[in-house]
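Trainee: What follows is a structure written as structure tokens; I'll ask about it next.
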Amino acid sequence: MGVCPLARMSLLRDNFTGPLHPCAWPKVLTCTCWRAPIIWDGTFDPDVAQQEAVQQNLTIGLTVFAVGRYLEKYLARFLETAEQHFMVGQRVVYYVFTEGPVAVPRVRLGPGRRLRVERVARERPWQNVSMARMRTLHAALGGRLGREARFVLCMDVDQHFSGTFGPEALAGSVAQMHAWHYRWRRRMLPFERDARSAAALGRGEGDFYHAAVFGGSVAALRQLTAYCVRALEVRWHDESHLNKFFWLHKPAKLLSPEFCWSPDISRRAEIRRPQLI
Ligand code: UDP
């Protein structure tokens, strides 16, 4: 990979990686065609990332929806493992959106970490839960969450942290390369191709598939959620609209598939320390 533009980019403010080392992983893609870095283990210095974030005195938001059976089944493990691995040493505010606030587990939080529980209505069928997510997130970003946090990551709850997930994952807008899509390319997770859908991507469109982890600055996420809310009024399926948004508005940073890996996929050499499972 000749002289990489990443060296220059890594000096930008709000990059949180320190100088990047794309050549540490010669076999994987470490830069997109629009010159956004793709973050893999070994390509950044975690200590520098940590220091940069501490210097900026950040508050980082982590949003998660836990509605219906997802609350009892997944939330405790998600939060407990987040306390062990997610942005350790930083100021963090968890936003849990649920219809059952009293059933939210009491997780012991480290210093500088807060948990806020926001009540949402239980939607049926389940598809409506994901659809309502964008509307709820949009409102929260325009309210207390938006005032409290400078960067926000939005995640599915049916996963748990298994490795350090630090400030290297932050940027103005961030998307994560979906593990199944990465492994099997376009065959597994086709983008919306039905031209009648507002989320449709044309033939040859669609580069990386994104789903369970995305984030960015409050302003960028307000733009993303506003886009999805408008589009969802036409047709449901938030994931397709998320992907259309990131196709039209390229993310500033991509997180490699190891940031959210699936144990059902046989492990590959480049997946060294998955951050989420
Ligand atoms: N979700 C929830 N309750 C539901 C359905 C979804 O809380 O009944 C939330 C939960 O955070 C879940 C996310 O919405 O992780 C995405 O839901 P989906 O069913 O799309 O998850 P997937 O099947 O992709 O894991």
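All residue names refer to the structure tokens as shown: chains lettered A, B, ... in order, residues numbered from 1 in each chain, ligands numbered from 1 in order.
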Produce as a PyMOL selection string the set of residues near ligand 1, where near means within 6 Å with only C-alpha atoms and all ligand atoms considered.
Mentor: chain A and resi 64-68+70+126+129-130+156-158
Trainee: Go ahead and save the residues from that selection, with C-alpha atoms, as a PDB file, in the first residue's frame.
Mentor:
```pdb
ATOM      1  CA  VAL A  64     -29.107   0.687  23.687  1.00  0.00           C
ATOM      2  CA  PHE A  65     -32.714  -0.438  23.353  1.00  0.00           C
ATOM      3  CA  ALA A  66     -33.954  -3.283  25.526  1.00  0.00           C
ATOM      4  CA  VAL A  67     -37.633  -3.857  24.909  1.00  0.00           C
ATOM      5  CA  GLY A  68     -39.710  -6.962  25.669  1.00  0.00           C
ATOM      6  CA  TYR A  70     -34.473  -8.366  25.113  1.00  0.00           C
ATOM      7  CA  TRP A 126     -40.925  -6.487  16.650  1.00  0.00           C
ATOM      8  CA  VAL A 129     -39.173  -1.589  17.733  1.00  0.00           C
ATOM      9  CA  SER A 130     -36.262  -1.082  15.371  1.00  0.00           C
ATOM     10  CA  ASP A 156     -27.879  -3.532  19.600  1.00  0.00           C
ATOM     11  CA  VAL A 157     -28.320  -5.138  22.997  1.00  0.00           C
ATOM     12  CA  ASP A 158     -28.115  -8.788  21.943  1.00  0.00           C
TER      13      ASP A 158
END
```
Trainee: At a cut-off of 12 Å, using only C-alpha atoms, what residues contact A:Ala139? Leave out same-chain residues fewer than 2 positions from it and give the result as a PDB file with N, CA and C atoms, in the first residue's frame.
Mentor:
```
ATOM      1  N   GLU A 118     -34.606   5.556  29.989  1.00  0.00           N
ATOM      2  CA  GLU A 118     -35.675   6.330  29.350  1.00  0.00           C
ATOM      3  C   GLU A 118     -36.789   5.367  28.959  1.00  0.00           C
ATOM      4  N   VAL A 120     -39.781   3.899  26.906  1.00  0.00           N
ATOM      5  CA  VAL A 120     -40.349   3.954  25.544  1.00  0.00           C
ATOM      6  C   VAL A 120     -41.543   3.000  25.499  1.00  0.00           C
ATOM      7  N   ALA A 132     -38.959   2.379  15.503  1.00  0.00           N
ATOM      8  CA  ALA A 132     -39.153   3.467  16.472  1.00  0.00           C
ATOM      9  C   ALA A 132     -37.819   3.931  17.051  1.00  0.00           C
ATOM     10  N   ARG A 133     -36.810   3.064  16.946  1.00  0.00           N
ATOM     11  CA  ARG A 133     -35.494   3.421  17.502  1.00  0.00           C
ATOM     12  C   ARG A 133     -34.979   4.728  16.941  1.00  0.00           C
ATOM     13  N   MET A 134     -35.058   4.889  15.642  1.00  0.00           N
ATOM     14  CA  MET A 134     -34.494   6.087  15.007  1.00  0.00           C
ATOM     15  C   MET A 134     -35.234   7.344  15.476  1.00  0.00           C
ATOM     16  N   ARG A 135     -36.551   7.211  15.619  1.00  0.00           N
ATOM     17  CA  ARG A 135     -37.342   8.354  16.085  1.00  0.00           C
ATOM     18  C   ARG A 135     -36.948   8.718  17.521  1.00  0.00           C
ATOM     19  N   THR A 136     -36.833   7.702  18.370  1.00  0.00           N
ATOM     20  CA  THR A 136     -36.488   7.926  19.782  1.00  0.00           C
ATOM     21  C   THR A 136     -35.068   8.500  19.901  1.00  0.00           C
ATOM     22  N   LEU A 137     -34.145   7.934  19.121  1.00  0.00           N
ATOM     23  CA  LEU A 137     -32.760   8.424  19.175  1.00  0.00           C
ATOM     24  C   LEU A 137     -32.698   9.885  18.742  1.00  0.00           C
ATOM     25  N   LEU A 141     -31.215  12.779  21.096  1.00  0.00           N
ATOM     26  CA  LEU A 141     -30.033  13.556  20.691  1.00  0.00           C
ATOM     27  C   LEU A 141     -30.336  15.054  20.711  1.00  0.00           C
ATOM     28  N   GLY A 142     -31.588  15.392  20.485  1.00  0.00           N
ATOM     29  CA  GLY A 142     -31.992  16.799  20.547  1.00  0.00           C
ATOM     30  C   GLY A 142     -32.277  17.245  21.972  1.00  0.00           C
ATOM     31  N   GLY A 143     -32.217  16.317  22.923  1.00  0.00           N
ATOM     32  CA  GLY A 143     -32.506  16.622  24.328  1.00  0.00           C
ATOM     33  C   GLY A 143     -31.289  16.402  25.212  1.00  0.00           C
ATOM     34  N   ARG A 144     -31.524  15.720  26.352  1.00  0.00           N
ATOM     35  CA  ARG A 144     -30.452  15.608  27.354  1.00  0.00           C
ATOM     36  C   ARG A 144     -29.219  14.852  26.847  1.00  0.00           C
ATOM     37  N   LEU A 145     -29.451  13.771  26.128  1.00  0.00           N
ATOM     38  CA  LEU A 145     -28.311  13.008  25.600  1.00  0.00           C
ATOM     39  C   LEU A 145     -27.406  13.905  24.754  1.00  0.00           C
ATOM     40  N   GLY A 146     -28.040  14.717  23.909  1.00  0.00           N
ATOM     41  CA  GLY A 146     -27.276  15.609  23.035  1.00  0.00           C
ATOM     42  C   GLY A 146     -26.512  16.670  23.805  1.00  0.00           C
ATOM     43  N   ARG A 147     -27.042  17.067  24.951  1.00  0.00           N
ATOM     44  CA  ARG A 147     -26.332  18.078  25.760  1.00  0.00           C
ATOM     45  C   ARG A 147     -25.220  17.435  26.580  1.00  0.00           C
ATOM     46  N   VAL A 218     -22.788  14.292  18.006  1.00  0.00           N
ATOM     47  CA  VAL A 218     -24.231  14.484  18.176  1.00  0.00           C
ATOM     48  C   VAL A 218     -24.832  15.065  16.898  1.00  0.00           C
ATOM     49  N   LEU A 221     -25.089  12.445  14.121  1.00  0.00           N
ATOM     50  CA  LEU A 221     -26.123  11.437  14.394  1.00  0.00           C
ATOM     51  C   LEU A 221     -27.530  12.014  14.270  1.00  0.00           C
ATOM     52  N   ARG A 222     -27.653  13.302  14.582  1.00  0.00           N
ATOM     53  CA  ARG A 222     -28.963  13.960  14.380  1.00  0.00           C
ATOM     54  C   ARG A 222     -29.313  13.936  12.893  1.00  0.00           C
ATOM     55  N   GLN A 223     -28.295  14.144  12.075  1.00  0.00           N
ATOM     56  CA  GLN A 223     -28.519  14.128  10.618  1.00  0.00           C
ATOM     57  C   GLN A 223     -28.922  12.712  10.166  1.00  0.00           C
ATOM     58  N   THR A 225     -30.244  10.225  12.018  1.00  0.00           N
ATOM     59  CA  THR A 225     -31.553   9.792  12.523  1.00  0.00           C
ATOM     60  C   THR A 225     -32.675  10.558  11.824  1.00  0.00           C
ATOM     61  N   ALA A 226     -32.446  11.826  11.505  1.00  0.00           N
ATOM     62  CA  ALA A 226     -33.477  12.606  10.787  1.00  0.00           C
ATOM     63  C   ALA A 226     -33.716  11.977   9.420  1.00  0.00           C
ATOM     64  N   VAL A 229     -35.673   8.699   9.921  1.00  0.00           N
ATOM     65  CA  VAL A 229     -37.068   8.944  10.320  1.00  0.00           C
ATOM     66  C   VAL A 229     -37.878   9.345   9.094  1.00  0.00           C
TER      67      VAL A 229
END
```
Trainee: For stretch 159-167 of chain A, list every protein, DNA or RNA residue within 10 Å, evaluated using only C-alpha atoms, and leave out those in the same chain fewer than 2 positions away; present the list as a compact mmCIF listing (two decimals) with all heavy atoms, in the first residue's frame.
Mentor:
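Result file result01.txt:
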```txt
# COMPACT_ATOMS: atom_id res chain seq x y z
N ASP A 14 -10.08 15.00 16.64
CA ASP A 14 -11.18 14.05 16.79
C ASP A 14 -10.94 12.75 16.03
O ASP A 14 -11.86 12.14 15.50
CB ASP A 14 -12.51 14.66 16.31
CG ASP A 14 -12.99 15.74 17.26
OD1 ASP A 14 -12.36 15.90 18.33
OD2 ASP A 14 -13.97 16.41 16.94
N ASN A 15 -9.69 12.35 15.98
CA ASN A 15 -9.40 11.09 15.32
C ASN A 15 -9.22 9.97 16.35
O ASN A 15 -9.60 8.83 16.13
CB ASN A 15 -8.15 11.23 14.46
CG ASN A 15 -7.95 10.02 13.60
OD1 ASN A 15 -8.85 9.63 12.89
ND2 ASN A 15 -6.81 9.40 13.71
N PHE A 16 -8.61 10.30 17.50
CA PHE A 16 -8.46 9.41 18.65
C PHE A 16 -7.75 8.09 18.33
O PHE A 16 -8.10 7.06 18.89
CB PHE A 16 -9.84 9.10 19.27
CG PHE A 16 -10.58 10.33 19.66
CD1 PHE A 16 -11.68 10.74 18.94
CD2 PHE A 16 -10.17 11.11 20.74
CE1 PHE A 16 -12.37 11.90 19.27
CE2 PHE A 16 -10.85 12.26 21.08
CZ PHE A 16 -11.95 12.66 20.34
N THR A 17 -6.78 8.15 17.47
CA THR A 17 -6.03 6.92 17.22
C THR A 17 -4.53 7.14 17.36
O THR A 17 -3.79 6.18 17.39
CB THR A 17 -6.26 6.41 15.78
OG1 THR A 17 -6.04 7.47 14.89
CG2 THR A 17 -7.65 5.85 15.62
N ASP A 41 -7.27 -3.92 15.11
CA ASP A 41 -6.34 -4.10 16.21
C ASP A 41 -4.91 -4.04 15.65
O ASP A 41 -4.63 -4.63 14.61
CB ASP A 41 -6.59 -5.48 16.86
CG ASP A 41 -5.69 -5.71 18.04
OD1 ASP A 41 -5.49 -4.77 18.82
OD2 ASP A 41 -5.16 -6.84 18.17
N PRO A 46 -3.33 2.28 21.42
CA PRO A 46 -4.44 2.48 22.37
C PRO A 46 -4.12 3.50 23.46
O PRO A 46 -5.01 4.23 23.92
CB PRO A 46 -4.68 1.09 22.99
CG PRO A 46 -3.56 0.23 22.54
CD PRO A 46 -2.87 0.89 21.39
N ASP A 47 -2.84 3.62 23.85
CA ASP A 47 -2.49 4.59 24.89
C ASP A 47 -2.66 6.01 24.39
O ASP A 47 -3.15 6.89 25.10
CB ASP A 47 -1.04 4.37 25.37
CG ASP A 47 -0.89 3.02 26.02
OD1 ASP A 47 -1.90 2.51 26.53
OD2 ASP A 47 0.22 2.47 26.00
N VAL A 48 -2.24 6.24 23.14
CA VAL A 48 -2.40 7.57 22.56
C VAL A 48 -3.89 7.90 22.41
O VAL A 48 -4.34 9.00 22.71
CB VAL A 48 -1.67 7.67 21.19
CG1 VAL A 48 -1.90 9.02 20.55
CG2 VAL A 48 -0.19 7.41 21.37
N ALA A 49 -4.65 6.91 21.96
CA ALA A 49 -6.10 7.12 21.81
C ALA A 49 -6.72 7.53 23.14
O ALA A 49 -7.50 8.48 23.22
CB ALA A 49 -6.75 5.83 21.30
N GLN A 50 -6.30 6.83 24.18
CA GLN A 50 -6.83 7.10 25.53
C GLN A 50 -6.45 8.52 25.98
O GLN A 50 -7.30 9.27 26.46
CB GLN A 50 -6.22 6.04 26.48
CG GLN A 50 -6.78 6.04 27.88
CD GLN A 50 -8.15 5.37 27.93
OE1 GLN A 50 -8.71 4.97 26.91
NE2 GLN A 50 -8.72 5.30 29.12
N GLN A 51 -5.18 8.87 25.76
CA GLN A 51 -4.71 10.20 26.20
C GLN A 51 -5.45 11.32 25.45
O GLN A 51 -5.86 12.31 26.05
CB GLN A 51 -3.23 10.37 25.91
CG GLN A 51 -2.34 9.79 27.00
CD GLN A 51 -0.93 9.62 26.47
OE1 GLN A 51 -0.51 10.28 25.53
NE2 GLN A 51 -0.20 8.70 27.08
N GLU A 52 -5.61 11.14 24.14
CA GLU A 52 -6.30 12.16 23.34
C GLU A 52 -7.70 12.40 23.88
O GLU A 52 -8.15 13.52 24.00
CB GLU A 52 -6.42 11.70 21.88
CG GLU A 52 -5.30 12.14 20.99
CD GLU A 52 -5.56 11.75 19.53
OE1 GLU A 52 -6.66 12.00 19.02
OE2 GLU A 52 -4.65 11.17 18.92
N ALA A 53 -8.37 11.32 24.20
CA ALA A 53 -9.76 11.44 24.69
C ALA A 53 -9.79 12.09 26.07
O ALA A 53 -10.64 12.94 26.34
CB ALA A 53 -10.41 10.06 24.73
N VAL A 54 -8.84 11.70 26.93
CA VAL A 54 -8.80 12.30 28.28
C VAL A 54 -8.53 13.79 28.18
O VAL A 54 -9.18 14.60 28.84
CB VAL A 54 -7.73 11.59 29.15
CG1 VAL A 54 -7.48 12.35 30.45
CG2 VAL A 54 -8.16 10.16 29.47
N LEU A 58 -13.83 14.23 27.31
CA LEU A 58 -15.05 13.84 26.61
C LEU A 58 -16.08 13.19 27.53
O LEU A 58 -15.72 12.53 28.50
CB LEU A 58 -14.73 12.77 25.56
CG LEU A 58 -13.81 13.11 24.41
CD1 LEU A 58 -13.67 11.90 23.51
CD2 LEU A 58 -14.39 14.29 23.63
N ILE A 60 -18.87 10.34 26.64
CA ILE A 60 -19.25 9.46 25.52
C ILE A 60 -20.57 8.79 25.86
O ILE A 60 -20.72 8.19 26.93
CB ILE A 60 -18.15 8.41 25.28
CG1 ILE A 60 -16.81 9.11 24.98
CG2 ILE A 60 -18.53 7.46 24.14
CD1 ILE A 60 -15.60 8.34 25.39
N TYR A 74 -30.78 -9.93 27.67
CA TYR A 74 -29.47 -9.43 27.22
C TYR A 74 -28.88 -8.25 27.98
O TYR A 74 -27.68 -8.05 27.97
CB TYR A 74 -29.56 -9.00 25.74
CG TYR A 74 -29.92 -10.09 24.79
CD1 TYR A 74 -31.15 -10.06 24.11
CD2 TYR A 74 -29.06 -11.16 24.55
CE1 TYR A 74 -31.50 -11.06 23.22
CE2 TYR A 74 -29.42 -12.16 23.65
CZ TYR A 74 -30.63 -12.10 22.99
OH TYR A 74 -30.97 -13.09 22.10
N LEU A 75 -29.73 -7.41 28.59
CA LEU A 75 -29.22 -6.11 29.05
C LEU A 75 -28.14 -6.23 30.14
O LEU A 75 -27.15 -5.51 30.11
CB LEU A 75 -30.38 -5.22 29.53
CG LEU A 75 -29.96 -3.81 29.92
CD1 LEU A 75 -29.34 -3.05 28.75
CD2 LEU A 75 -31.14 -3.02 30.48
N ALA A 76 -28.36 -7.14 31.11
CA ALA A 76 -27.40 -7.23 32.23
C ALA A 76 -26.00 -7.54 31.70
O ALA A 76 -25.02 -6.86 32.05
CB ALA A 76 -27.86 -8.29 33.21
N ARG A 77 -25.90 -8.53 30.85
CA ARG A 77 -24.57 -8.91 30.35
C ARG A 77 -23.96 -7.80 29.50
O ARG A 77 -22.76 -7.53 29.55
CB ARG A 77 -24.68 -10.20 29.55
CG ARG A 77 -23.32 -10.79 29.28
CD ARG A 77 -23.42 -12.16 28.69
NE ARG A 77 -22.09 -12.76 28.59
CZ ARG A 77 -21.79 -13.74 27.76
NH1 ARG A 77 -22.72 -14.26 26.98
NH2 ARG A 77 -20.57 -14.23 27.72
N PHE A 78 -24.82 -7.15 28.72
CA PHE A 78 -24.32 -6.06 27.88
C PHE A 78 -23.69 -4.98 28.76
O PHE A 78 -22.56 -4.53 28.53
CB PHE A 78 -25.49 -5.47 27.05
CG PHE A 78 -25.08 -4.33 26.16
CD1 PHE A 78 -24.61 -4.56 24.87
CD2 PHE A 78 -25.16 -3.01 26.61
CE1 PHE A 78 -24.21 -3.50 24.05
CE2 PHE A 78 -24.77 -1.95 25.80
CZ PHE A 78 -24.29 -2.20 24.51
N LEU A 79 -24.40 -4.56 29.81
CA LEU A 79 -23.91 -3.47 30.66
C LEU A 79 -22.71 -3.92 31.51
O LEU A 79 -21.74 -3.17 31.68
CB LEU A 79 -25.03 -2.95 31.57
CG LEU A 79 -26.17 -2.19 30.87
CD1 LEU A 79 -27.30 -1.88 31.85
CD2 LEU A 79 -25.66 -0.90 30.23
N GLU A 80 -22.79 -5.14 32.04
CA GLU A 80 -21.68 -5.61 32.89
C GLU A 80 -20.38 -5.68 32.08
O GLU A 80 -19.32 -5.27 32.55
CB GLU A 80 -22.01 -6.99 33.46
CG GLU A 80 -22.89 -6.91 34.70
CD GLU A 80 -23.65 -8.20 34.96
OE1 GLU A 80 -23.32 -9.23 34.35
OE2 GLU A 80 -24.60 -8.14 35.78
N THR A 81 -20.49 -6.19 30.87
CA THR A 81 -19.25 -6.30 30.07
C THR A 81 -18.83 -4.93 29.54
O THR A 81 -17.64 -4.68 29.35
CB THR A 81 -19.43 -7.30 28.90
OG1 THR A 81 -20.55 -6.90 28.10
CG2 THR A 81 -19.63 -8.71 29.40
N ALA A 82 -19.80 -4.02 29.35
CA ALA A 82 -19.43 -2.65 28.94
C ALA A 82 -18.60 -2.00 30.05
O ALA A 82 -17.63 -1.28 29.77
CB ALA A 82 -20.68 -1.83 28.66
N GLU A 83 -18.96 -2.26 31.30
CA GLU A 83 -18.19 -1.70 32.40
C GLU A 83 -16.75 -2.21 32.40
O GLU A 83 -15.84 -1.54 32.83
CB GLU A 83 -18.87 -2.00 33.75
CG GLU A 83 -19.97 -1.01 34.10
CD GLU A 83 -19.45 0.42 34.18
OE1 GLU A 83 -18.80 0.79 35.17
OE2 GLU A 83 -19.68 1.18 33.21
N GLN A 84 -16.57 -3.44 31.90
CA GLN A 84 -15.20 -4.00 31.88
C GLN A 84 -14.40 -3.52 30.68
O GLN A 84 -13.18 -3.41 30.74
CB GLN A 84 -15.28 -5.53 31.81
CG GLN A 84 -15.78 -6.17 33.09
CD GLN A 84 -16.32 -7.58 32.82
OE1 GLN A 84 -16.06 -8.18 31.78
NE2 GLN A 84 -17.09 -8.09 33.76
N HIS A 85 -15.08 -3.23 29.56
CA HIS A 85 -14.35 -3.02 28.31
C HIS A 85 -14.62 -1.71 27.57
O HIS A 85 -13.83 -1.31 26.73
CB HIS A 85 -14.66 -4.16 27.33
CG HIS A 85 -14.29 -5.52 27.82
ND1 HIS A 85 -12.99 -5.90 28.03
CD2 HIS A 85 -15.04 -6.60 28.16
CE1 HIS A 85 -12.95 -7.15 28.46
NE2 HIS A 85 -14.19 -7.59 28.55
N PHE A 86 -15.79 -1.10 27.80
CA PHE A 86 -16.17 0.03 26.95
C PHE A 86 -15.65 1.35 27.52
O PHE A 86 -16.04 1.75 28.61
CB PHE A 86 -17.71 0.09 26.81
CG PHE A 86 -18.19 1.23 25.94
CD1 PHE A 86 -18.09 1.17 24.56
CD2 PHE A 86 -18.73 2.37 26.50
CE1 PHE A 86 -18.52 2.22 23.76
CE2 PHE A 86 -19.17 3.43 25.72
CZ PHE A 86 -19.06 3.35 24.34
N MET A 87 -14.77 2.00 26.80
CA MET A 87 -14.28 3.34 27.13
C MET A 87 -13.85 3.44 28.60
O MET A 87 -14.18 4.39 29.29
CB MET A 87 -15.35 4.40 26.83
CG MET A 87 -15.86 4.39 25.42
SD MET A 87 -14.62 4.98 24.23
CE MET A 87 -15.40 4.53 22.68
N VAL A 88 -13.11 2.44 29.04
CA VAL A 88 -12.65 2.42 30.43
C VAL A 88 -11.76 3.64 30.67
O VAL A 88 -10.92 3.98 29.83
CB VAL A 88 -11.90 1.10 30.73
CG1 VAL A 88 -11.29 1.10 32.13
CG2 VAL A 88 -12.85 -0.08 30.56
N GLY A 89 -11.96 4.34 31.79
CA GLY A 89 -11.16 5.53 32.10
C GLY A 89 -11.76 6.80 31.52
O GLY A 89 -11.21 7.88 31.72
N GLN A 90 -12.85 6.70 30.77
CA GLN A 90 -13.50 7.89 30.18
C GLN A 90 -14.82 8.14 30.92
O GLN A 90 -15.33 7.27 31.60
CB GLN A 90 -13.80 7.66 28.69
CG GLN A 90 -12.62 7.20 27.88
CD GLN A 90 -11.55 8.26 27.71
OE1 GLN A 90 -11.82 9.45 27.86
NE2 GLN A 90 -10.34 7.84 27.45
N PHE A 151 -19.77 12.56 21.82
CA PHE A 151 -19.87 11.47 20.84
C PHE A 151 -20.82 10.42 21.39
O PHE A 151 -20.88 10.21 22.61
CB PHE A 151 -18.50 10.82 20.61
CG PHE A 151 -17.53 11.74 19.93
CD1 PHE A 151 -16.63 12.48 20.68
CD2 PHE A 151 -17.53 11.88 18.56
CE1 PHE A 151 -15.74 13.35 20.06
CE2 PHE A 151 -16.64 12.74 17.92
CZ PHE A 151 -15.75 13.47 18.67
N MET A 155 -25.85 0.93 19.83
CA MET A 155 -25.59 -0.52 19.66
C MET A 155 -26.84 -1.35 19.89
O MET A 155 -27.72 -0.95 20.64
CB MET A 155 -24.52 -0.98 20.65
CG MET A 155 -23.19 -0.31 20.44
SD MET A 155 -21.91 -1.09 21.43
CE MET A 155 -20.56 0.04 21.13
N ASP A 156 -26.87 -2.53 19.28
CA ASP A 156 -27.88 -3.53 19.60
C ASP A 156 -27.55 -4.12 20.97
O ASP A 156 -26.37 -4.18 21.35
CB ASP A 156 -27.85 -4.67 18.56
CG ASP A 156 -28.52 -4.26 17.25
OD1 ASP A 156 -28.96 -3.10 17.14
OD2 ASP A 156 -28.60 -5.12 16.36
N VAL A 157 -28.56 -4.63 21.65
CA VAL A 157 -28.32 -5.14 23.00
C VAL A 157 -27.98 -6.63 23.00
O VAL A 157 -27.40 -7.14 23.97
CB VAL A 157 -29.55 -4.86 23.91
CG1 VAL A 157 -30.72 -5.79 23.58
CG2 VAL A 157 -29.19 -4.94 25.36
N ALA A 169 -12.51 4.18 18.51
CA ALA A 169 -13.75 3.95 17.75
C ALA A 169 -14.53 5.25 17.52
O ALA A 169 -15.57 5.22 16.88
CB ALA A 169 -14.63 2.96 18.51
N LEU A 170 -14.02 6.37 18.04
CA LEU A 170 -14.78 7.63 17.91
C LEU A 170 -14.34 8.42 16.69
O LEU A 170 -13.18 8.41 16.31
CB LEU A 170 -14.58 8.49 19.17
CG LEU A 170 -14.96 7.85 20.49
CD1 LEU A 170 -14.60 8.78 21.65
CD2 LEU A 170 -16.44 7.50 20.52
N ALA A 171 -15.29 9.13 16.12
CA ALA A 171 -15.02 10.08 15.02
C ALA A 171 -16.32 10.80 14.74
O ALA A 171 -17.37 10.46 15.32
CB ALA A 171 -14.54 9.36 13.77
N ALA A 212 -25.22 -3.27 13.58
CA ALA A 212 -25.40 -3.27 15.04
C ALA A 212 -24.58 -2.24 15.80
O ALA A 212 -24.76 -2.08 17.01
CB ALA A 212 -25.07 -4.67 15.58
N GLU A 258 -13.87 -7.00 13.49
CA GLU A 258 -13.56 -7.51 14.83
C GLU A 258 -14.24 -6.68 15.92
O GLU A 258 -14.39 -7.15 17.04
CB GLU A 258 -12.05 -7.59 15.05
CG GLU A 258 -11.37 -6.24 14.99
CD GLU A 258 -9.84 -6.33 14.93
OE1 GLU A 258 -9.29 -7.40 15.26
OE2 GLU A 258 -9.23 -5.34 14.57
N PHE A 259 -14.68 -5.46 15.60
CA PHE A 259 -15.39 -4.65 16.59
C PHE A 259 -16.74 -5.26 16.96
O PHE A 259 -17.35 -4.91 17.96
CB PHE A 259 -15.58 -3.22 16.10
CG PHE A 259 -14.40 -2.34 16.40
CD1 PHE A 259 -13.27 -2.38 15.61
CD2 PHE A 259 -14.42 -1.49 17.50
CE1 PHE A 259 -12.17 -1.58 15.90
CE2 PHE A 259 -13.32 -0.69 17.81
CZ PHE A 259 -12.19 -0.74 17.00
N CYS A 260 -17.27 -6.14 16.10
CA CYS A 260 -18.53 -6.82 16.41
C CYS A 260 -18.56 -8.10 15.60
O CYS A 260 -19.06 -8.13 14.48
CB CYS A 260 -19.70 -5.89 16.06
SG CYS A 260 -21.30 -6.60 16.41
N TRP A 261 -17.99 -9.14 16.18
CA TRP A 261 -17.80 -10.40 15.46
C TRP A 261 -18.87 -11.40 15.88
O TRP A 261 -19.49 -11.23 16.93
CB TRP A 261 -16.40 -10.95 15.76
CG TRP A 261 -16.00 -12.12 14.92
CD1 TRP A 261 -15.81 -13.41 15.34
CD2 TRP A 261 -15.76 -12.12 13.50
NE1 TRP A 261 -15.46 -14.19 14.27
CE2 TRP A 261 -15.42 -13.44 13.14
CE3 TRP A 261 -15.80 -11.14 12.51
CZ2 TRP A 261 -15.13 -13.80 11.82
CZ3 TRP A 261 -15.51 -11.49 11.20
CH2 TRP A 261 -15.18 -12.81 10.86
N SER A 262 -19.09 -12.39 15.05
CA SER A 262 -20.06 -13.42 15.40
C SER A 262 -19.34 -14.73 15.65
O SER A 262 -18.58 -15.19 14.80
CB SER A 262 -21.06 -13.60 14.26
OG SER A 262 -21.80 -14.78 14.50
N ARG A 273 -8.80 -9.92 18.41
CA ARG A 273 -9.40 -9.71 19.74
C ARG A 273 -10.75 -9.04 19.56
O ARG A 273 -10.84 -7.82 19.66
CB ARG A 273 -8.51 -8.79 20.57
CG ARG A 273 -7.47 -9.51 21.41
CD ARG A 273 -6.83 -8.55 22.39
NE ARG A 273 -6.01 -7.56 21.72
CZ ARG A 273 -4.70 -7.69 21.55
NH1 ARG A 273 -4.08 -8.74 22.01
NH2 ARG A 273 -4.02 -6.75 20.92
N PRO A 274 -11.81 -9.77 19.27
CA PRO A 274 -13.10 -9.13 19.02
C PRO A 274 -13.55 -8.28 20.20
O PRO A 274 -13.41 -8.69 21.35
CB PRO A 274 -14.07 -10.29 18.82
CG PRO A 274 -13.22 -11.47 18.51
CD PRO A 274 -11.89 -11.24 19.17
N GLN A 275 -14.00 -7.08 19.90
CA GLN A 275 -14.46 -6.18 20.96
C GLN A 275 -15.86 -6.51 21.42
O GLN A 275 -16.21 -6.34 22.57
CB GLN A 275 -14.42 -4.72 20.47
CG GLN A 275 -13.03 -4.12 20.42
CD GLN A 275 -12.31 -4.37 19.11
OE1 GLN A 275 -12.61 -5.32 18.40
NE2 GLN A 275 -11.34 -3.53 18.80
N LEU A 276 -16.70 -6.92 20.48
CA LEU A 276 -18.09 -7.30 20.81
C LEU A 276 -18.36 -8.64 20.14
O LEU A 276 -17.87 -8.91 19.06
CB LEU A 276 -19.06 -6.29 20.18
CG LEU A 276 -19.48 -5.04 20.94
CD1 LEU A 276 -20.13 -4.07 19.98
CD2 LEU A 276 -20.43 -5.34 22.07
N ILE A 277 -19.20 -9.42 20.79
CA ILE A 277 -19.57 -10.73 20.25
C ILE A 277 -21.07 -10.76 20.14
O ILE A 277 -21.76 -10.45 21.11
CB ILE A 277 -19.12 -11.85 21.21
CG1 ILE A 277 -17.60 -11.90 21.31
CG2 ILE A 277 -19.71 -13.17 20.78
CD1 ILE A 277 -16.90 -12.63 20.22
```
Trainee: Name all residues at most 12 Å from A:Ile265 (count only C-alpha atoms; drop same-chain ones fewer than 5 positions away) and give them as an NGL selection string.
Mentor: :A and (178-184 or 257-258 or 260 or 271 or 277)
Trainee: May I ask which of the residues A:Val107, A:Asp194, A:Pro101, A:Val174 is the closest one to A:Ile39, counting only C-alpha atoms?
Mentor: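 The answer is A:Val174, which sits nearest to A:Ile39.
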Trainee: Identify, on the basis of only C-alpha atoms, every residue whose closest approach to A:Leu62 does not exceed 8 Å; exclude the query and any residue fewer than 2 positions from it along the same chain; express the result as a list in words.
Mentor: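 Those residues are Ile60, Val64, Val92, Val93, Tyr94, Tyr95, Val152, Leu153, Cys154 and Met155 of chain A.
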Trainee: Considering only C-alpha atoms, state which residue in the set A:Asn128, A:Tyr227, A:Trp247, A:Leu242 is at the smallest distance from A:Gly206.
Mentor: A:Trp247
Trainee: Could you check the closest approach to A:Arg114 for each of A:Thr59, A:Thr43, A:Thr98, A:Gln176 and tell me which residue wins, using only C-alpha atoms?
Mentor: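 Looking at the shortest contact to A:Arg114, the residue is A:Thr59.
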